[in-house]
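Engineer: Sending over entry_24.pdb (PDB, C-alpha atoms, pLDDT in the B column).
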MODEL        1
ATOM      1  CA  MET A 146      21.429 -11.887  16.191  1.00 66.00           C
ATOM      2  CA  ASN A 147      20.661  -9.244  18.801  1.00 67.00           C
ATOM      3  CA  SER A 148      21.583  -6.514  16.296  1.00 68.00           C
ATOM      4  CA  PHE A 149      19.278  -8.073  13.694  1.00 69.00           C
ATOM      5  CA  ILE A 150      16.332  -8.106  16.111  1.00 65.00           C
ATOM      6  CA  GLN A 151      17.086  -4.537  17.215  1.00 65.00           C
ATOM      7  CA  HIS A 152      17.040  -3.388  13.570  1.00 62.00           C
ATOM      8  CA  LEU A 153      13.556  -4.822  13.110  1.00 66.00           C
ATOM      9  CA  ASP A 154      12.397  -1.864  15.235  1.00 69.00           C
ATOM     10  CA  LEU A 155       9.802  -3.969  17.071  1.00 72.00           C
ATOM     11  CA  GLN A 156       9.799  -1.693  20.139  1.00 73.00           C
ATOM     12  CA  GLN A 157       8.139   1.238  18.385  1.00 81.00           C
ATOM     13  CA  GLN A 158       4.840   2.578  19.648  1.00 85.00           C
ATOM     14  CA  GLY A 159       2.000   1.388  17.427  1.00 90.00           C
ATOM     15  CA  ILE A 160       4.047  -1.304  15.611  1.00 90.00           C
ATOM     16  CA  TRP A 161       1.200  -3.725  16.249  1.00 92.00           C
ATOM     17  CA  PHE A 162      -1.017  -1.906  13.728  1.00 95.00           C
ATOM     18  CA  PRO A 163       1.092  -2.317  10.554  1.00 95.00           C
ATOM     19  CA  LEU A 164       2.064  -5.862  11.582  1.00 94.00           C
ATOM     20  CA  ILE A 165      -1.541  -7.006  12.032  1.00 96.00           C
ATOM     21  CA  THR A 166      -2.878  -5.056   9.032  1.00 97.00           C
ATOM     22  CA  GLY A 167      -0.056  -6.272   6.792  1.00 97.00           C
ATOM     23  CA  ALA A 168      -0.594  -9.911   7.783  1.00 97.00           C
ATOM     24  CA  ILE A 169      -4.346  -9.656   7.135  1.00 98.00           C
ATOM     25  CA  ALA A 170      -3.845  -7.871   3.788  1.00 98.00           C
ATOM     26  CA  LEU A 171      -1.253 -10.399   2.615  1.00 97.00           C
ATOM     27  CA  LEU A 172      -3.397 -13.359   3.652  1.00 98.00           C
ATOM     28  CA  PHE A 173      -6.390 -11.839   1.886  1.00 98.00           C
ATOM     29  CA  VAL A 174      -4.439 -11.449  -1.374  1.00 98.00           C
ATOM     30  CA  LEU A 175      -3.149 -15.013  -1.168  1.00 97.00           C
ATOM     31  CA  LEU A 176      -6.567 -16.534  -0.416  1.00 97.00           C
ATOM     32  CA  MET A 177      -8.994 -14.281  -2.332  1.00 97.00           C
ATOM     33  CA  PRO A 178     -10.733 -15.756  -5.372  1.00 97.00           C
ATOM     34  CA  LYS A 179      -8.767 -14.514  -8.367  1.00 95.00           C
ATOM     35  CA  ARG A 180     -11.314 -12.727 -10.564  1.00 95.00           C
ATOM     36  CA  GLN A 181      -9.274 -10.373 -12.711  1.00 93.00           C
ATOM     37  CA  MET A 182      -5.783 -10.833 -11.316  1.00 94.00           C
ATOM     38  CA  ASN A 183      -3.718 -13.939 -11.932  1.00 94.00           C
ATOM     39  CA  TRP A 184      -0.414 -14.676 -10.191  1.00 95.00           C
ATOM     40  CA  ARG A 185       1.580 -12.907 -12.922  1.00 94.00           C
ATOM     41  CA  GLY A 186      -0.521  -9.769 -12.542  1.00 95.00           C
ATOM     42  CA  ILE A 187      -0.225  -9.985  -8.760  1.00 96.00           C
ATOM     43  CA  TYR A 188       3.553 -10.370  -8.997  1.00 96.00           C
ATOM     44  CA  ILE A 189       3.946  -7.409 -11.367  1.00 96.00           C
ATOM     45  CA  THR A 190       1.521  -5.188  -9.469  1.00 97.00           C
ATOM     46  CA  PHE A 191       3.120  -6.030  -6.128  1.00 97.00           C
ATOM     47  CA  GLY A 192       6.558  -5.050  -7.405  1.00 96.00           C
ATOM     48  CA  VAL A 193       5.446  -1.893  -9.187  1.00 97.00           C
ATOM     49  CA  ILE A 194       3.311  -0.583  -6.323  1.00 96.00           C
ATOM     50  CA  SER A 195       5.982  -1.407  -3.732  1.00 95.00           C
ATOM     51  CA  TYR A 196       8.614   0.439  -5.748  1.00 95.00           C
ATOM     52  CA  VAL A 197       6.452   3.489  -6.492  1.00 94.00           C
ATOM     53  CA  THR A 198       5.224   3.747  -2.895  1.00 91.00           C
ATOM     54  CA  LEU A 199       8.732   3.429  -1.488  1.00 88.00           C
ATOM     55  CA  MET A 200      10.067   6.056  -3.891  1.00 88.00           C
ATOM     56  CA  LEU A 201       7.275   8.552  -3.282  1.00 86.00           C
ATOM     57  CA  ASP A 202       6.664   8.087   0.443  1.00 78.00           C
ATOM     58  CA  VAL A 203      10.160   7.360   1.679  1.00 74.00           C
ATOM     59  CA  PHE A 204      12.371   9.456  -0.530  1.00 76.00           C
ATOM     60  CA  ILE A 205      10.189  12.340  -1.689  1.00 81.00           C
ATOM     61  CA  VAL A 206       7.504  13.019   0.941  1.00 75.00           C
ATOM     62  CA  GLY A 207       9.223  11.430   3.949  1.00 65.00           C
ATOM     63  CA  GLU A 208      12.888  12.346   3.387  1.00 72.00           C
ATOM     64  CA  TYR A 209      13.090  15.239   0.942  1.00 75.00           C
ATOM     65  CA  PHE A 210      10.146  17.229   2.292  1.00 80.00           C
ATOM     66  CA  ASP A 211      10.361  15.554   5.745  1.00 84.00           C
ATOM     67  CA  LEU A 212       6.590  15.754   6.297  1.00 83.00           C
ATOM     68  CA  PHE A 213       6.207  12.631   8.452  1.00 84.00           C
ATOM     69  CA  ASP A 214       8.078   9.815  10.154  1.00 83.00           C
ATOM     70  CA  ILE A 215       7.163   6.151  10.248  1.00 84.00           C
ATOM     71  CA  GLY A 216       8.472   4.337  13.320  1.00 82.00           C
ATOM     72  CA  ASP A 217      11.935   5.375  14.441  1.00 80.00           C
ATOM     73  CA  PRO A 218      13.199   7.972  11.928  1.00 79.00           C
ATOM     74  CA  ALA A 219      16.792   6.805  12.472  1.00 76.00           C
ATOM     75  CA  LEU A 220      16.003   3.145  11.835  1.00 75.00           C
ATOM     76  CA  GLU A 221      14.292   1.375   8.946  1.00 78.00           C
ATOM     77  CA  GLY A 222      12.393  -1.503  10.530  1.00 83.00           C
ATOM     78  CA  ILE A 223       9.962  -4.210   9.498  1.00 86.00           C
ATOM     79  CA  GLY A 224       7.001  -1.909  10.181  1.00 88.00           C
ATOM     80  CA  ASP A 225       8.333   0.577   7.624  1.00 87.00           C
ATOM     81  CA  LEU A 226       8.584  -2.135   4.984  1.00 89.00           C
ATOM     82  CA  ILE A 227       5.074  -3.366   5.717  1.00 92.00           C
ATOM     83  CA  THR A 228       3.646   0.169   5.754  1.00 92.00           C
ATOM     84  CA  TYR A 229       5.332   1.310   2.548  1.00 88.00           C
ATOM     85  CA  ALA A 230       5.388  -1.854   0.457  1.00 92.00           C
ATOM     86  CA  ILE A 231       3.155  -4.692   1.658  1.00 96.00           C
ATOM     87  CA  ILE A 232      -0.082  -2.905   2.587  1.00 97.00           C
ATOM     88  CA  PRO A 233      -0.315  -0.504  -0.401  1.00 96.00           C
ATOM     89  CA  SER A 234       0.519  -3.355  -2.794  1.00 97.00           C
ATOM     90  CA  CYS A 235      -2.110  -5.633  -1.257  1.00 98.00           C
ATOM     91  CA  LEU A 236      -4.726  -2.864  -1.419  1.00 98.00           C
ATOM     92  CA  ALA A 237      -3.892  -2.204  -5.087  1.00 98.00           C
ATOM     93  CA  ILE A 238      -4.074  -5.912  -5.973  1.00 98.00           C
ATOM     94  CA  THR A 239      -7.389  -6.334  -4.148  1.00 98.00           C
ATOM     95  CA  TYR A 240      -8.757  -3.211  -5.845  1.00 98.00           C
ATOM     96  CA  LEU A 241      -7.765  -4.424  -9.308  1.00 98.00           C
ATOM     97  CA  ASN A 242      -9.038  -7.940  -8.651  1.00 97.00           C
ATOM     98  CA  TYR A 243     -12.569  -6.691  -7.925  1.00 96.00           C
ATOM     99  CA  PHE A 244     -12.589  -3.480 -10.000  1.00 95.00           C
ATOM    100  CA  ASN A 245     -15.050  -2.982 -12.849  1.00 92.00           C
ATOM    101  CA  GLU A 246     -15.711   0.099 -14.970  1.00 92.00           C
ATOM    102  CA  LYS A 247     -19.443   0.001 -14.281  1.00 95.00           C
ATOM    103  CA  ASN A 248     -18.921   0.638 -10.553  1.00 95.00           C
ATOM    104  CA  LYS A 249     -15.611   2.499 -10.869  1.00 96.00           C
ATOM    105  CA  TRP A 250     -16.430   5.411  -8.564  1.00 97.00           C
ATOM    106  CA  LEU A 251     -17.916   3.144  -5.921  1.00 97.00           C
ATOM    107  CA  TYR A 252     -14.617   1.205  -5.829  1.00 98.00           C
ATOM    108  CA  VAL A 253     -12.560   4.419  -5.923  1.00 98.00           C
ATOM    109  CA  THR A 254     -14.557   5.803  -2.987  1.00 98.00           C
ATOM    110  CA  LEU A 255     -14.406   2.565  -0.994  1.00 98.00           C
ATOM    111  CA  PHE A 256     -10.645   2.090  -1.422  1.00 98.00           C
ATOM    112  CA  THR A 257      -9.947   5.786  -0.814  1.00 98.00           C
ATOM    113  CA  ILE A 258     -11.806   5.459   2.503  1.00 98.00           C
ATOM    114  CA  ILE A 259      -9.948   2.236   3.389  1.00 98.00           C
ATOM    115  CA  SER A 260      -6.572   3.831   2.569  1.00 97.00           C
ATOM    116  CA  PHE A 261      -7.405   6.997   4.495  1.00 98.00           C
ATOM    117  CA  LEU A 262      -8.562   5.003   7.527  1.00 98.00           C
ATOM    118  CA  PHE A 263      -5.361   2.953   7.446  1.00 97.00           C
ATOM    119  CA  GLU A 264      -3.226   6.112   7.386  1.00 96.00           C
ATOM    120  CA  TRP A 265      -5.363   7.767  10.078  1.00 97.00           C
ATOM    121  CA  GLU A 266      -5.128   4.724  12.383  1.00 97.00           C
ATOM    122  CA  LEU A 267      -1.375   4.515  11.752  1.00 95.00           C
ATOM    123  CA  THR A 268      -1.141   8.078  13.075  1.00 95.00           C
ATOM    124  CA  ARG A 269      -3.576   7.461  15.935  1.00 96.00           C
ATOM    125  CA  ALA A 270      -1.620   4.368  17.032  1.00 95.00           C
ATOM    126  CA  GLY A 271       1.507   6.516  17.207  1.00 93.00           C
ATOM    127  CA  TYR A 272       3.473   4.705  14.512  1.00 92.00           C
ATOM    128  CA  MET A 273       3.206   7.591  12.032  1.00 92.00           C
ATOM    129  CA  LYS A 274       4.246  10.995  13.300  1.00 91.00           C
ATOM    130  CA  LEU A 275       3.081  13.966  11.257  1.00 92.00           C
ATOM    131  CA  LYS A 276       5.453  16.887  10.724  1.00 90.00           C
ATOM    132  CA  GLY A 277       3.552  19.282   8.473  1.00 86.00           C
ATOM    133  CA  TRP A 278       1.434  16.610   6.798  1.00 88.00           C
ATOM    134  CA  GLN A 279      -2.229  15.986   7.536  1.00 93.00           C
ATOM    135  CA  ASN A 280      -3.841  12.638   6.812  1.00 94.00           C
ATOM    136  CA  TRP A 281      -6.572  14.207   4.700  1.00 96.00           C
ATOM    137  CA  TYR A 282      -3.891  15.563   2.299  1.00 94.00           C
ATOM    138  CA  SER A 283      -3.638  12.000   0.994  1.00 94.00           C
ATOM    139  CA  ILE A 284      -7.266  11.818  -0.160  1.00 97.00           C
ATOM    140  CA  PRO A 285      -6.659  13.467  -3.578  1.00 97.00           C
ATOM    141  CA  VAL A 286      -3.645  11.190  -4.069  1.00 94.00           C
ATOM    142  CA  TYR A 287      -5.777   8.115  -3.335  1.00 97.00           C
ATOM    143  CA  ILE A 288      -8.461   9.314  -5.753  1.00 98.00           C
ATOM    144  CA  ILE A 289      -5.870   9.771  -8.526  1.00 97.00           C
ATOM    145  CA  VAL A 290      -4.249   6.395  -7.813  1.00 97.00           C
ATOM    146  CA  TYR A 291      -7.507   4.415  -7.630  1.00 98.00           C
ATOM    147  CA  GLY A 292      -9.399   6.448 -10.237  1.00 98.00           C
ATOM    148  CA  TRP A 293      -6.795   6.663 -12.965  1.00 98.00           C
ATOM    149  CA  TRP A 294      -3.354   5.246 -12.284  1.00 97.00           C
ATOM    150  CA  LEU A 295      -4.294   1.707 -11.196  1.00 98.00           C
ATOM    151  CA  PRO A 296      -6.839   1.212 -14.029  1.00 97.00           C
ATOM    152  CA  TRP A 297      -4.154   2.418 -16.466  1.00 97.00           C
ATOM    153  CA  HIS A 298      -1.619   0.031 -14.877  1.00 97.00           C
ATOM    154  CA  PHE A 299      -4.088  -2.860 -15.218  1.00 96.00           C
ATOM    155  CA  LYS A 300      -4.740  -2.075 -18.900  1.00 95.00           C
ATOM    156  CA  PHE A 301      -1.006  -1.740 -19.508  1.00 95.00           C
ATOM    157  CA  ILE A 302      -0.088  -5.131 -18.042  1.00 94.00           C
ATOM    158  CA  ASN A 303      -3.027  -6.719 -19.868  1.00 91.00           C
ATOM    159  CA  HIS A 304      -1.829  -5.195 -23.120  1.00 90.00           C
ATOM    160  CA  ILE A 305       1.746  -6.398 -22.614  1.00 89.00           C
ATOM    161  CA  TYR A 306       0.843  -9.899 -21.474  1.00 82.00           C
ATOM    162  CA  GLY A 307      -2.184 -10.423 -23.682  1.00 72.00           C
ATOM    163  CA  GLY A 308      -4.825 -10.482 -20.972  1.00 62.00           C
ATOM    164  CA  ASN A 309      -4.795 -10.935 -17.271  1.00 50.00           C
ATOM    165  CA  THR A 310      -8.089 -12.670 -16.629  1.00 46.00           C
ATOM    166  CA  GLU A 311      -6.954 -16.215 -17.403  1.00 45.00           C
ATOM    167  CA  GLU A 312      -4.844 -18.209 -14.988  1.00 46.00           C
ATOM    168  CA  SER A 313      -1.237 -18.369 -16.176  1.00 43.00           C
TER     169      SER A 313
ENDMDL
END
Just dump the structure as structure tokens.

Structural biologist:
Amino acid sequence: MNSFIQHLDLQQQGIWFPLITGAIALLFVLLMPKRQMNWRGIYITFGVISYVTLMLDVFIVGEYFDLFDIGDPALEGIGDLITYAIIPSCLAITYLNYFNEKNKWLYVTLFTIISFLFEWELTRAGYMKLKGWQNWYSIPVYIIVYGWWLPWHFKFINHIYGGNTEES
């Protein structure tokens, strides 16, 4: 049991930030009024975003290019999972739930700012350590994800499942 608790990596500086943010984001997704996302869409989006974020951030940017560390670089803890999988997935689900084409760039701007502030505070709290990366490098990535990739993802799952606006 002691080994299990040690592997959670709860002693890391700044761990409080992803834990609190992740809990709030997850609660928000569970309790928000479902406008455009039903539970099937939430389930699919959560899995897809978690997978893509883990692949890109952990294996490509974090390991291959070694541009930053989250928590203890030698230990994958609960904060890593929350930072890479829970929070980005919850932001994507919230974005898609409230997104509309008419105000697309307002939503893209708002969620780009939220994502940037999360990453910036993660660094400021000491949980993310930059090694050649700068937080503002992520802004174009957020714009691409919120401006094009997530709307495409939403249309794709609606096409496959015949609509996502009705409760399933």

Engineer: In terms of the shortest atom-to-atom distance over all atoms listed in the file, which of A:Leu171, A:Leu295, A:Ile165, A:Ala219 is closest to Tyr240 in chain A?

Structural biologist: A:Leu295

Engineer: Measuring between all atoms listed in the file, which one of A:Met273, A:Leu155, A:Ala230, A:Ile288 shows the shortest distance to Leu255 in chain A?

Structural biologist: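 For Leu255 in chain A, the nearest of the candidates is A:Ile288.
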
Engineer: As an exercise, work out the distance from CA of Pro296 in chain A to CA of Thr190 in chain A in Å and give it to one decimal place.

Structural biologist: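 A separation of 11.5 Å between them.
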
Engineer: Restricting the calculation to all atoms listed in the file, which member of A:Lys249, A:Phe261, A:Tyr272, A:Gln279 is positioned closest to Gly292 in chain A?

Structural biologist: A:Lys249

Engineer: I need the residue nearest Gly224 in chain A from this list: A:Val286, A:Leu164, A:Ile302, A:Ile259. Use only C-alpha atoms for the distance.

Structural biologist: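 Under the stated criterion, the closest residue is A:Leu164.
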
Engineer: Between CA of Asn280 in chain A and CA of Leu212 in chain A, measure the distance and give it in Å to one decimal.

Structural biologist: 10.9 Å

Engineer: Under the rule that only C-alpha atoms are counted, which of A:Leu201, A:Ile231, A:Ile289, A:Ile305 is the nearest residue to Thr254 in chain A?

Structural biologist: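 Checking each candidate against Thr254 in chain A, we get A:Ile289 as the closest.
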
Engineer: Skip Lys274 in chain A itself and residues of its chain fewer than 5 positions away, then list as a PDB file with C-alpha atoms, in the frame of the given file all residues within 12 Å of it, counting all atoms listed in the file.

Structural biologist:
ATOM      1  CA  GLN A 157       8.139   1.238  18.385  1.00 81.00           C
ATOM      2  CA  GLN A 158       4.840   2.578  19.648  1.00 85.00           C
ATOM      3  CA  GLY A 159       2.000   1.388  17.427  1.00 90.00           C
ATOM      4  CA  GLY A 207       9.223  11.430   3.949  1.00 65.00           C
ATOM      5  CA  ASP A 211      10.361  15.554   5.745  1.00 84.00           C
ATOM      6  CA  LEU A 212       6.590  15.754   6.297  1.00 83.00           C
ATOM      7  CA  PHE A 213       6.207  12.631   8.452  1.00 84.00           C
ATOM      8  CA  ASP A 214       8.078   9.815  10.154  1.00 83.00           C
ATOM      9  CA  ILE A 215       7.163   6.151  10.248  1.00 84.00           C
ATOM     10  CA  GLY A 216       8.472   4.337  13.320  1.00 82.00           C
ATOM     11  CA  ASP A 217      11.935   5.375  14.441  1.00 80.00           C
ATOM     12  CA  PRO A 218      13.199   7.972  11.928  1.00 79.00           C
ATOM     13  CA  GLU A 264      -3.226   6.112   7.386  1.00 96.00           C
ATOM     14  CA  TRP A 265      -5.363   7.767  10.078  1.00 97.00           C
ATOM     15  CA  GLU A 266      -5.128   4.724  12.383  1.00 97.00           C
ATOM     16  CA  LEU A 267      -1.375   4.515  11.752  1.00 95.00           C
ATOM     17  CA  THR A 268      -1.141   8.078  13.075  1.00 95.00           C
ATOM     18  CA  ARG A 269      -3.576   7.461  15.935  1.00 96.00           C
ATOM     19  CA  GLN A 279      -2.229  15.986   7.536  1.00 93.00           C
ATOM     20  CA  ASN A 280      -3.841  12.638   6.812  1.00 94.00           C
TER      21      ASN A 280
END

Engineer: Please, what distance in Å, to one decimal, runs between CA of Gly307 in chain A and CA of Thr257 in chain A?

Structural biologist: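 Computed distance, CA of Gly307 in chain A to CA of Thr257 in chain A, equals 29.1 Å.
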
Engineer: Find the residues with any atom within 12 Å of (-9.6, -5.6, -9.0); use only C-alpha atoms and the coordinates as given in the file, and write the answer as a PyMOL selection string.

Structural biologist: chain A and resi 174+177-183+186-187+190+235-246+248-249+252-253+256+291+295-296+298-300+309-310

Engineer: Identify which of the residues A:Phe210, A:Phe301, A:Trp293, A:Tyr287 lies closest to Leu275 in chain A, counting all atoms listed in the file when measuring atom-to-atom distances.

Structural biologist: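 Checking each candidate against Leu275 in chain A, we get A:Phe210 as the closest.
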
Engineer: List the spatial neighbours of Ile227 in chain A as JSON, numbers by chain - criterion: any atom at most 9 Å away, only C-alpha atoms, same-chain residues fewer than 6 positions off excluded.

Structural biologist: {"A": [163, 164, 166, 167, 168, 233]}

Engineer: Using only C-alpha atoms, determine which residues lie at most 9 Å from Val193 in chain A, disregarding the query and same-chain residues fewer than 5 positions distant; provide the list as a ChimeraX atom specification.

Structural biologist: /A:188,198,234
